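This report refers to the structure that appears directly beneath it.
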Amino acid sequence: MHTHKTDSPPLESFFHIVRSIPGAAREVWRGKQAAWQASNQLRHPLRDLAWQSDVAQSLQEEVERLLPGVESAATRHARSMIVCEEDCIILEEIQRLTTEHNRSNITRTAAYLECYEQCPELHWALLAHMVSRNGGYHMTDLQSGLMHNLQSQTDREHMYRMLERCNALIFQDAYPQLLLYMNSRRLGRSCFHLLPHFHVSVFMTPFWERFWLERCSSLLSVALIINEQNYIESRVVQHPYFKKEVLSKPAFHLHNLAGLNHIVFPLGRGRGLAGRVIEHFGKLDERIMFGKSLYAMLFGTQQVLAQVLEFARSVPHLGSRAEYWPGLFTAHEEHAGKDEFYSKELLELEWLPEGQRLYSPELLAVWQDTPYEPITRQDWLQSRDCLGHLTAPRRPWLFEMSHEHRYGLLKTAAAHDAKTLLH
């Protein structure tokens, strides 16, 4: 029986194919011009992020007093004492809801949006919803028509486990925090003394307590970005398994070269995309800066926020890229194109005809729920290093991503075609 090799194509072959596509360089230049013009149009009107520098400085000082060696273990324990039967009920209900909604990327993404709809001051919940949508897209990309031949099934499974692990861990840590706030609103009293029962870092306590009093949404959002990226740093990014099986593999770098490190926020269905590119996923500082930039783009520009909300509310998340570009993708394999090569058509046609579109499956059609080993419970806050990120988020100048994302698809198609040619 004839078998195919499963190694990733040599990068030099990949680049040769990309360079050899007629008009590829012209496409890049045209895309940059269009992105700049579209970003200028979307930037106005601006929204005030209401960043409070004095409050940020005050909270930084509070966090410093919580560092190991400064606050005693007895003080930490005293803060986590249950004070009434009502607290026990809250803890049990939050644990139940967290387990229920942490089944898959689909349930997590929907839960984030529900939190935002109930409490729009929880800006981070909408940001998490949109980033989690991208997590689902990246998971299904691994089994898509363009990428199925770029990795072995084993490598695809390793990559999926890393994406799923990040998505699940962040939800497990952040969702109880959101629910504690929602319970605080319902009861008219702060419930944040219960944060330690969910093993939330002491870093977050001052931010939630201040948010309860002042509703400083941007400051809480930045704190959650810092917290969640530190939370996954040792548990995923620096974990020996993921470093060996994913982050050190050539296929992981090929994903970035092909433009699959894009985080895109659809501006309605079948229309434009706003977003950013993360160059070095393995660098904690860059992930935090990236998250702050996405937040400033989403909540600092009125048009982006309005159009992203329109999309989020009208298009349920199932994990297929056909959700936002149905003119290029289909979630049904039997309706997808059967060609061996894709780059020529993607360069020449804006949208692909029905029956020739790219296969982008729904998540639950290609991946099942995945069990994991127990999660370590240590508090990531060990030094002052994280406090340098408590600064105002800055809006990016260039954030309209339609052409750049489209060109990323073209490069992925070129890699797919190169692999096909090599066989």
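Starting from 1 in every chain, residues are counted up; chains themselves are A, B, ... following the order of the structure tokens, and ligands are numbered from 1 as listed.
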Long-range neighbours of Leu410 (chain A) as a PDB file with C-alpha atoms, in the first residue's frame, 9 Å cut-off, only C-alpha atoms, 2 positions minimum in chain:
```
ATOM      1  CA  VAL A  18       5.337  31.589  -2.064  1.00  0.00           C
ATOM      2  CA  ALA A  24       2.223  37.558  -4.623  1.00  0.00           C
ATOM      3  CA  ALA A 258       1.734  30.906   7.100  1.00  0.00           C
ATOM      4  CA  TYR A 342      -5.347  25.943  -4.013  1.00  0.00           C
ATOM      5  CA  SER A 343      -2.959  28.899  -4.256  1.00  0.00           C
ATOM      6  CA  LYS A 344      -3.765  29.879  -7.861  1.00  0.00           C
ATOM      7  CA  LEU A 346      -7.045  32.053  -4.001  1.00  0.00           C
ATOM      8  CA  LEU A 347      -4.849  34.581  -5.780  1.00  0.00           C
ATOM      9  CA  HIS A 405      -5.459  37.405   6.831  1.00  0.00           C
ATOM     10  CA  ARG A 406      -6.353  36.593   3.251  1.00  0.00           C
ATOM     11  CA  TYR A 407      -2.661  36.593   2.339  1.00  0.00           C
ATOM     12  CA  GLY A 408      -2.030  34.258   5.278  1.00  0.00           C
ATOM     13  CA  THR A 412      -0.989  28.326   3.809  1.00  0.00           C
ATOM     14  CA  ALA A 413      -2.266  27.215   0.399  1.00  0.00           C
ATOM     15  CA  ALA A 414       1.271  27.586  -0.957  1.00  0.00           C
ATOM     16  CA  ALA A 415       2.595  25.355   1.831  1.00  0.00           C
TER      17      ALA A 415
END
```
Would you pick out the contacts of Val236 (chain A) at 8 Å or less, using only C-alpha atoms, so that residues sharing its chain but fewer than 4 positions from it are not included, and give the list as a list in words?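 Once the adjacent positions are removed, what remains is Met162, Arg165, Cys166, Ile232 and Phe242 of chain A.
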Could you give me the residues within region 182-312 of chain A that DSSP places in alpha helix (DSSP H), as a tab-separated table (two decimals) with N, CA, C and O atoms, in the first residue's frame?
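Produced file part.tsv, reproduced below:
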```
chain	number	residue	atom	x	y	z
A	182	MET	N	-20.73	38.57	39.45
A	182	MET	CA	-22.17	38.55	39.14
A	182	MET	C	-22.98	38.22	40.40
A	182	MET	O	-24.06	38.78	40.62
A	183	ASN	N	-22.46	37.35	41.25
A	183	ASN	CA	-23.13	37.07	42.53
A	183	ASN	C	-23.06	38.28	43.46
A	183	ASN	O	-24.01	38.54	44.20
A	184	SER	N	-21.95	39.00	43.41
A	184	SER	CA	-21.83	40.21	44.23
A	184	SER	C	-22.89	41.23	43.84
A	184	SER	O	-23.53	41.86	44.69
A	185	ARG	N	-23.09	41.37	42.53
A	185	ARG	CA	-24.13	42.30	42.06
A	185	ARG	C	-25.52	41.83	42.50
A	185	ARG	O	-26.36	42.64	42.92
A	186	ARG	N	-25.75	40.55	42.41
A	186	ARG	CA	-27.06	40.01	42.78
A	186	ARG	C	-27.35	40.22	44.26
A	186	ARG	O	-28.48	40.56	44.65
A	187	LEU	N	-26.33	40.04	45.10
A	187	LEU	CA	-26.51	40.11	46.55
A	187	LEU	C	-26.31	41.52	47.11
A	187	LEU	O	-26.71	41.80	48.24
A	205	THR	N	-7.06	39.88	43.75
A	205	THR	CA	-7.96	40.35	44.80
A	205	THR	C	-8.09	41.87	44.87
A	205	THR	O	-9.22	42.39	44.89
A	206	PRO	N	-7.00	42.63	44.91
A	206	PRO	CA	-7.17	44.09	44.98
A	206	PRO	C	-7.91	44.68	43.79
A	206	PRO	O	-8.67	45.65	43.93
A	207	PHE	N	-7.71	44.09	42.61
A	207	PHE	CA	-8.37	44.61	41.41
A	207	PHE	C	-9.87	44.39	41.46
A	207	PHE	O	-10.65	45.27	41.09
A	208	TRP	N	-10.28	43.20	41.91
A	208	TRP	CA	-11.72	42.95	42.02
A	208	TRP	C	-12.34	43.81	43.12
A	208	TRP	O	-13.46	44.31	42.96
A	209	GLU	N	-11.68	43.97	44.23
A	209	GLU	CA	-12.22	44.78	45.32
A	209	GLU	C	-12.37	46.24	44.88
A	209	GLU	O	-13.37	46.89	45.21
A	210	ARG	N	-11.40	46.75	44.13
A	210	ARG	CA	-11.51	48.12	43.64
A	210	ARG	C	-12.59	48.22	42.55
A	210	ARG	O	-13.33	49.20	42.48
A	211	PHE	N	-12.67	47.21	41.70
A	211	PHE	CA	-13.69	47.21	40.65
A	211	PHE	C	-15.10	47.22	41.25
A	211	PHE	O	-16.01	47.87	40.73
A	212	TRP	N	-15.27	46.51	42.34
A	212	TRP	CA	-16.57	46.48	43.01
A	212	TRP	C	-16.99	47.88	43.45
A	212	TRP	O	-18.17	48.23	43.41
A	213	LEU	N	-16.01	48.69	43.81
A	213	LEU	CA	-16.30	50.03	44.29
A	213	LEU	C	-16.41	51.06	43.16
A	213	LEU	O	-17.24	51.97	43.23
A	214	GLU	N	-15.57	50.91	42.11
A	214	GLU	CA	-15.43	51.99	41.13
A	214	GLU	C	-15.73	51.59	39.68
A	214	GLU	O	-15.79	52.45	38.81
A	217	SER	N	-13.30	49.46	34.37
A	217	SER	CA	-13.29	48.30	33.46
A	217	SER	C	-11.95	48.07	32.80
A	217	SER	O	-11.50	46.93	32.65
A	218	SER	N	-11.29	49.14	32.35
A	218	SER	CA	-10.02	48.97	31.64
A	218	SER	C	-8.95	48.42	32.57
A	218	SER	O	-8.14	47.55	32.17
A	219	LEU	N	-8.92	48.89	33.80
A	219	LEU	CA	-7.91	48.42	34.75
A	219	LEU	C	-8.12	46.95	35.10
A	219	LEU	O	-7.17	46.17	35.16
A	220	LEU	N	-9.38	46.57	35.33
A	220	LEU	CA	-9.66	45.16	35.60
A	220	LEU	C	-9.30	44.29	34.40
A	220	LEU	O	-8.74	43.19	34.55
A	221	SER	N	-9.58	44.77	33.19
A	221	SER	CA	-9.28	44.00	31.98
A	221	SER	C	-7.78	43.76	31.84
A	221	SER	O	-7.34	42.64	31.53
A	222	VAL	N	-6.99	44.80	32.06
A	222	VAL	CA	-5.53	44.64	31.98
A	222	VAL	C	-5.05	43.67	33.05
A	222	VAL	O	-4.18	42.81	32.79
A	223	ALA	N	-5.60	43.76	34.26
A	223	ALA	CA	-5.20	42.84	35.32
A	223	ALA	C	-5.52	41.39	34.95
A	223	ALA	O	-4.71	40.49	35.17
A	224	LEU	N	-6.70	41.17	34.37
A	224	LEU	CA	-7.06	39.81	33.95
A	224	LEU	C	-6.16	39.30	32.83
A	224	LEU	O	-5.81	38.12	32.79
A	225	ILE	N	-5.78	40.17	31.90
A	225	ILE	CA	-4.85	39.78	30.83
A	225	ILE	C	-3.52	39.35	31.44
A	225	ILE	O	-2.96	38.30	31.08
A	226	ILE	N	-2.99	40.15	32.36
A	226	ILE	CA	-1.73	39.81	33.03
A	226	ILE	C	-1.86	38.49	33.78
A	226	ILE	O	-1.00	37.60	33.70
A	227	ASN	N	-2.96	38.35	34.52
A	227	ASN	CA	-3.17	37.15	35.33
A	227	ASN	C	-3.26	35.89	34.49
A	227	ASN	O	-2.58	34.89	34.78
A	228	GLU	N	-4.08	35.92	33.44
A	228	GLU	CA	-4.29	34.70	32.66
A	228	GLU	C	-3.06	34.27	31.89
A	228	GLU	O	-2.79	33.07	31.75
A	229	GLN	N	-2.30	35.23	31.38
A	229	GLN	CA	-1.08	34.85	30.66
A	229	GLN	C	-0.02	34.30	31.60
A	229	GLN	O	0.72	33.38	31.24
A	230	ASN	N	0.06	34.83	32.80
A	230	ASN	CA	0.96	34.24	33.79
A	230	ASN	C	0.46	32.87	34.23
A	230	ASN	O	1.25	31.97	34.52
A	231	TYR	N	-0.85	32.70	34.28
A	231	TYR	CA	-1.44	31.44	34.72
A	231	TYR	C	-1.05	30.29	33.79
A	231	TYR	O	-0.77	29.17	34.23
A	232	ILE	N	-1.04	30.55	32.47
A	232	ILE	CA	-0.70	29.47	31.53
A	232	ILE	C	0.81	29.36	31.27
A	232	ILE	O	1.25	28.40	30.63
A	240	PRO	N	7.25	20.98	30.07
A	240	PRO	CA	8.16	20.15	29.24
A	240	PRO	C	7.46	19.43	28.10
A	240	PRO	O	8.01	19.31	27.00
A	241	TYR	N	6.25	18.94	28.34
A	241	TYR	CA	5.54	18.20	27.29
A	241	TYR	C	5.26	19.09	26.08
A	241	TYR	O	5.55	18.73	24.93
A	242	PHE	N	4.71	20.29	26.32
A	242	PHE	CA	4.36	21.16	25.21
A	242	PHE	C	5.59	21.78	24.56
A	242	PHE	O	5.60	22.01	23.35
A	250	PRO	N	9.20	22.07	13.97
A	250	PRO	CA	9.17	22.96	12.79
A	250	PRO	C	7.75	23.32	12.36
A	250	PRO	O	7.51	24.43	11.89
A	251	ALA	N	6.80	22.40	12.55
A	251	ALA	CA	5.43	22.67	12.11
A	251	ALA	C	4.82	23.84	12.87
A	251	ALA	O	4.00	24.57	12.33
A	252	PHE	N	5.23	24.03	14.14
A	252	PHE	CA	4.69	25.16	14.90
A	252	PHE	C	5.15	26.48	14.28
A	252	PHE	O	4.38	27.42	14.15
A	253	HIS	N	6.41	26.54	13.87
A	253	HIS	CA	6.92	27.76	13.24
A	253	HIS	C	6.32	27.95	11.85
A	253	HIS	O	6.12	29.08	11.41
A	254	LEU	N	6.02	26.86	11.18
A	254	LEU	CA	5.36	26.98	9.87
A	254	LEU	C	3.99	27.61	10.02
A	254	LEU	O	3.57	28.41	9.18
A	255	HIS	N	3.30	27.31	11.12
A	255	HIS	CA	2.00	27.94	11.37
A	255	HIS	C	2.14	29.45	11.40
A	255	HIS	O	1.34	30.18	10.82
A	256	ASN	N	3.16	29.94	12.09
A	256	ASN	CA	3.36	31.39	12.17
A	256	ASN	C	3.72	31.97	10.82
A	256	ASN	O	3.21	33.03	10.42
A	257	LEU	N	4.60	31.30	10.08
A	257	LEU	CA	5.01	31.80	8.77
A	257	LEU	C	3.84	31.85	7.81
A	257	LEU	O	3.77	32.71	6.93
A	284	LEU	N	6.17	35.60	27.32
A	284	LEU	CA	5.11	36.07	28.21
A	284	LEU	C	4.85	37.57	28.03
A	284	LEU	O	3.69	37.99	27.90
A	285	ASP	N	5.90	38.37	28.00
A	285	ASP	CA	5.71	39.82	27.86
A	285	ASP	C	4.98	40.17	26.58
A	285	ASP	O	4.12	41.06	26.56
A	286	GLU	N	5.31	39.46	25.50
A	286	GLU	CA	4.66	39.76	24.22
A	286	GLU	C	3.18	39.36	24.24
A	286	GLU	O	2.34	40.07	23.70
A	287	ARG	N	2.86	38.24	24.89
A	287	ARG	CA	1.45	37.84	24.96
A	287	ARG	C	0.64	38.86	25.75
A	287	ARG	O	-0.50	39.17	25.40
A	288	ILE	N	1.22	39.40	26.83
A	288	ILE	CA	0.50	40.41	27.62
A	288	ILE	C	0.31	41.69	26.81
A	288	ILE	O	-0.79	42.26	26.77
A	289	MET	N	1.35	42.17	26.15
A	289	MET	CA	1.24	43.36	25.32
A	289	MET	C	0.23	43.16	24.20
A	289	MET	O	-0.53	44.06	23.85
A	290	PHE	N	0.22	41.96	23.64
A	290	PHE	CA	-0.71	41.61	22.58
A	290	PHE	C	-2.15	41.68	23.08
A	290	PHE	O	-3.03	42.26	22.43
A	291	GLY	N	-2.39	41.11	24.26
A	291	GLY	CA	-3.74	41.15	24.83
A	291	GLY	C	-4.20	42.57	25.11
A	291	GLY	O	-5.37	42.92	24.86
A	292	LYS	N	-3.31	43.40	25.62
A	292	LYS	CA	-3.66	44.80	25.89
A	292	LYS	C	-3.98	45.54	24.59
A	292	LYS	O	-4.89	46.36	24.54
A	293	SER	N	-3.23	45.24	23.53
A	293	SER	CA	-3.47	45.88	22.24
A	293	SER	C	-4.83	45.47	21.68
A	293	SER	O	-5.59	46.30	21.16
A	294	LEU	N	-5.18	44.18	21.80
A	294	LEU	CA	-6.49	43.71	21.35
A	294	LEU	C	-7.60	44.39	22.14
A	294	LEU	O	-8.63	44.79	21.58
A	295	TYR	N	-7.40	44.53	23.44
A	295	TYR	CA	-8.41	45.17	24.27
A	295	TYR	C	-8.62	46.63	23.85
A	295	TYR	O	-9.76	47.09	23.70
A	296	ALA	N	-7.51	47.36	23.64
A	296	ALA	CA	-7.62	48.77	23.25
A	296	ALA	C	-8.27	48.92	21.89
A	296	ALA	O	-9.02	49.87	21.64
A	297	MET	N	-7.98	47.98	20.98
A	297	MET	CA	-8.61	48.01	19.66
A	297	MET	C	-10.12	47.77	19.78
A	297	MET	O	-10.92	48.47	19.14
A	298	LEU	N	-10.52	46.81	20.61
A	298	LEU	CA	-11.93	46.44	20.72
A	298	LEU	C	-12.74	47.50	21.45
A	298	LEU	O	-13.82	47.90	20.98
A	299	PHE	N	-12.25	47.96	22.59
A	299	PHE	CA	-13.04	48.89	23.39
A	299	PHE	C	-12.62	50.34	23.22
A	299	PHE	O	-13.27	51.23	23.77
A	300	GLY	N	-11.59	50.60	22.45
A	300	GLY	CA	-11.15	51.96	22.22
A	300	GLY	C	-11.61	52.55	20.91
A	300	GLY	O	-11.35	53.73	20.63
A	302	GLN	N	-15.16	52.81	18.55
A	302	GLN	CA	-16.60	52.57	18.59
A	302	GLN	C	-17.07	51.67	17.46
A	302	GLN	O	-17.90	50.77	17.66
A	303	GLN	N	-16.54	51.88	16.25
A	303	GLN	CA	-17.00	51.07	15.13
A	303	GLN	C	-16.63	49.61	15.30
A	303	GLN	O	-17.41	48.70	14.97
A	304	VAL	N	-15.41	49.35	15.77
A	304	VAL	CA	-14.99	47.96	15.97
A	304	VAL	C	-15.87	47.30	17.01
A	304	VAL	O	-16.38	46.18	16.80
A	305	LEU	N	-16.10	47.96	18.13
A	305	LEU	CA	-16.92	47.37	19.18
A	305	LEU	C	-18.34	47.07	18.67
A	305	LEU	O	-18.87	45.98	18.89
A	306	ALA	N	-18.94	48.03	17.99
A	306	ALA	CA	-20.32	47.84	17.53
A	306	ALA	C	-20.42	46.69	16.53
A	306	ALA	O	-21.34	45.86	16.60
A	307	GLN	N	-19.48	46.63	15.59
A	307	GLN	CA	-19.55	45.60	14.55
A	307	GLN	C	-19.16	44.22	15.09
A	307	GLN	O	-19.73	43.21	14.66
A	308	VAL	N	-18.22	44.17	16.00
A	308	VAL	CA	-17.87	42.89	16.61
A	308	VAL	C	-19.04	42.36	17.42
A	308	VAL	O	-19.36	41.16	17.38
A	309	LEU	N	-19.70	43.23	18.17
A	309	LEU	CA	-20.87	42.79	18.94
A	309	LEU	C	-21.98	42.29	18.03
A	309	LEU	O	-22.66	41.29	18.33
A	310	GLU	N	-22.18	42.97	16.91
A	310	GLU	CA	-23.19	42.52	15.95
A	310	GLU	C	-22.89	41.10	15.50
A	310	GLU	O	-23.79	40.24	15.43
A	311	PHE	N	-21.63	40.82	15.21
A	311	PHE	CA	-21.25	39.48	14.78
A	311	PHE	C	-21.42	38.47	15.90
A	311	PHE	O	-22.01	37.40	15.71
A	312	ALA	N	-20.90	38.79	17.08
A	312	ALA	CA	-20.94	37.85	18.20
A	312	ALA	C	-22.37	37.46	18.55
A	312	ALA	O	-22.65	36.30	18.89
```
Nearest to Pro196 (chain A) among A:Glu245, A:Asp417, A:Asp385, A:Asp379, with distances taken over only C-alpha atoms: which residue is it? A:Asp379
Skipping near chain neighbours, those fewer than 4 positions away, what residues fall within 12 Å of Pro371 (chain A) using only C-alpha atoms, listed as JSON, numbers by chain? {"A": [102, 103, 104, 161, 164, 165, 168, 375]}
Write a file of the just-selected residues containing C-alpha atoms, as an mmCIF file, in the first residue's frame.
```cif
data_model
loop_
_atom_site.group_PDB
_atom_site.id
_atom_site.type_symbol
_atom_site.label_atom_id
_atom_site.label_comp_id
_atom_site.auth_asym_id
_atom_site.auth_seq_id
_atom_site.Cartn_x
_atom_site.Cartn_y
_atom_site.Cartn_z
ATOM 1 C CA ASN A 102 -15.650 23.974 30.622
ATOM 2 C CA ARG A 103 -16.490 20.947 28.480
ATOM 3 C CA SER A 104 -15.215 22.353 25.198
ATOM 4 C CA ARG A 161 -3.878 19.543 23.134
ATOM 5 C CA GLU A 164 -7.284 23.192 24.172
ATOM 6 C CA ARG A 165 -5.231 23.241 27.364
ATOM 7 C CA ALA A 168 -9.526 25.317 29.309
ATOM 8 C CA ILE A 375 -3.789 21.110 37.387
#
```
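Using only C-alpha atoms, the smallest distance between any of A:Lys249, A:His193, A:Arg96, A:Arg47 and Tyr175 (chain A) comes from A:Arg96.
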Can you list, as a PDB file with C-alpha atoms, in the first residue's frame, every protein, DNA or RNA residue that comes within 6 Å of region 271-282 of chain A when you count only C-alpha atoms, leaving out same-chain residues fewer than 5 positions away?
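The resulting file, part38.pdb, is shown below:
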```
ATOM      1  CA  ASN A 261      -0.827  33.420  14.348  1.00  0.00           C
ATOM      2  CA  HIS A 262      -3.550  35.943  13.525  1.00  0.00           C
ATOM      3  CA  ILE A 263      -6.260  36.807  16.041  1.00  0.00           C
ATOM      4  CA  VAL A 264      -9.144  38.240  14.036  1.00  0.00           C
ATOM      5  CA  PHE A 265     -12.410  39.852  15.114  1.00  0.00           C
ATOM      6  CA  PRO A 266     -15.049  39.711  12.341  1.00  0.00           C
ATOM      7  CA  PHE A 399      -5.515  46.759  12.795  1.00  0.00           C
ATOM      8  CA  GLU A 400      -7.761  46.092   9.776  1.00  0.00           C
ATOM      9  CA  MET A 401      -6.737  42.542   8.910  1.00  0.00           C
ATOM     10  CA  SER A 402      -8.839  41.446   5.930  1.00  0.00           C
TER      11      SER A 402
END
```
Just want the 6 Å neighbourhood of region 348-364 of chain A, counted on only C-alpha atoms, with same-chain residues fewer than 3 positions away dropped. Output as a list in words.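 So the residues in contact are Thr140, Ser144, Gly145, Leu318, Gly319, Ser320, Arg321, Gly327, Leu328, Phe329, Thr330, Ala331, Glu333, His335, Ala336, Gly337, Glu345 and Trp367 of chain A.
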List every residue of region 208-311 of chain A that DSSP, applied to the backbone of this structure, places in strand (DSSP E), and write the result as JSON, numbers by chain. {"A": [262, 263, 264, 265, 266, 273, 274, 275, 276, 277]}
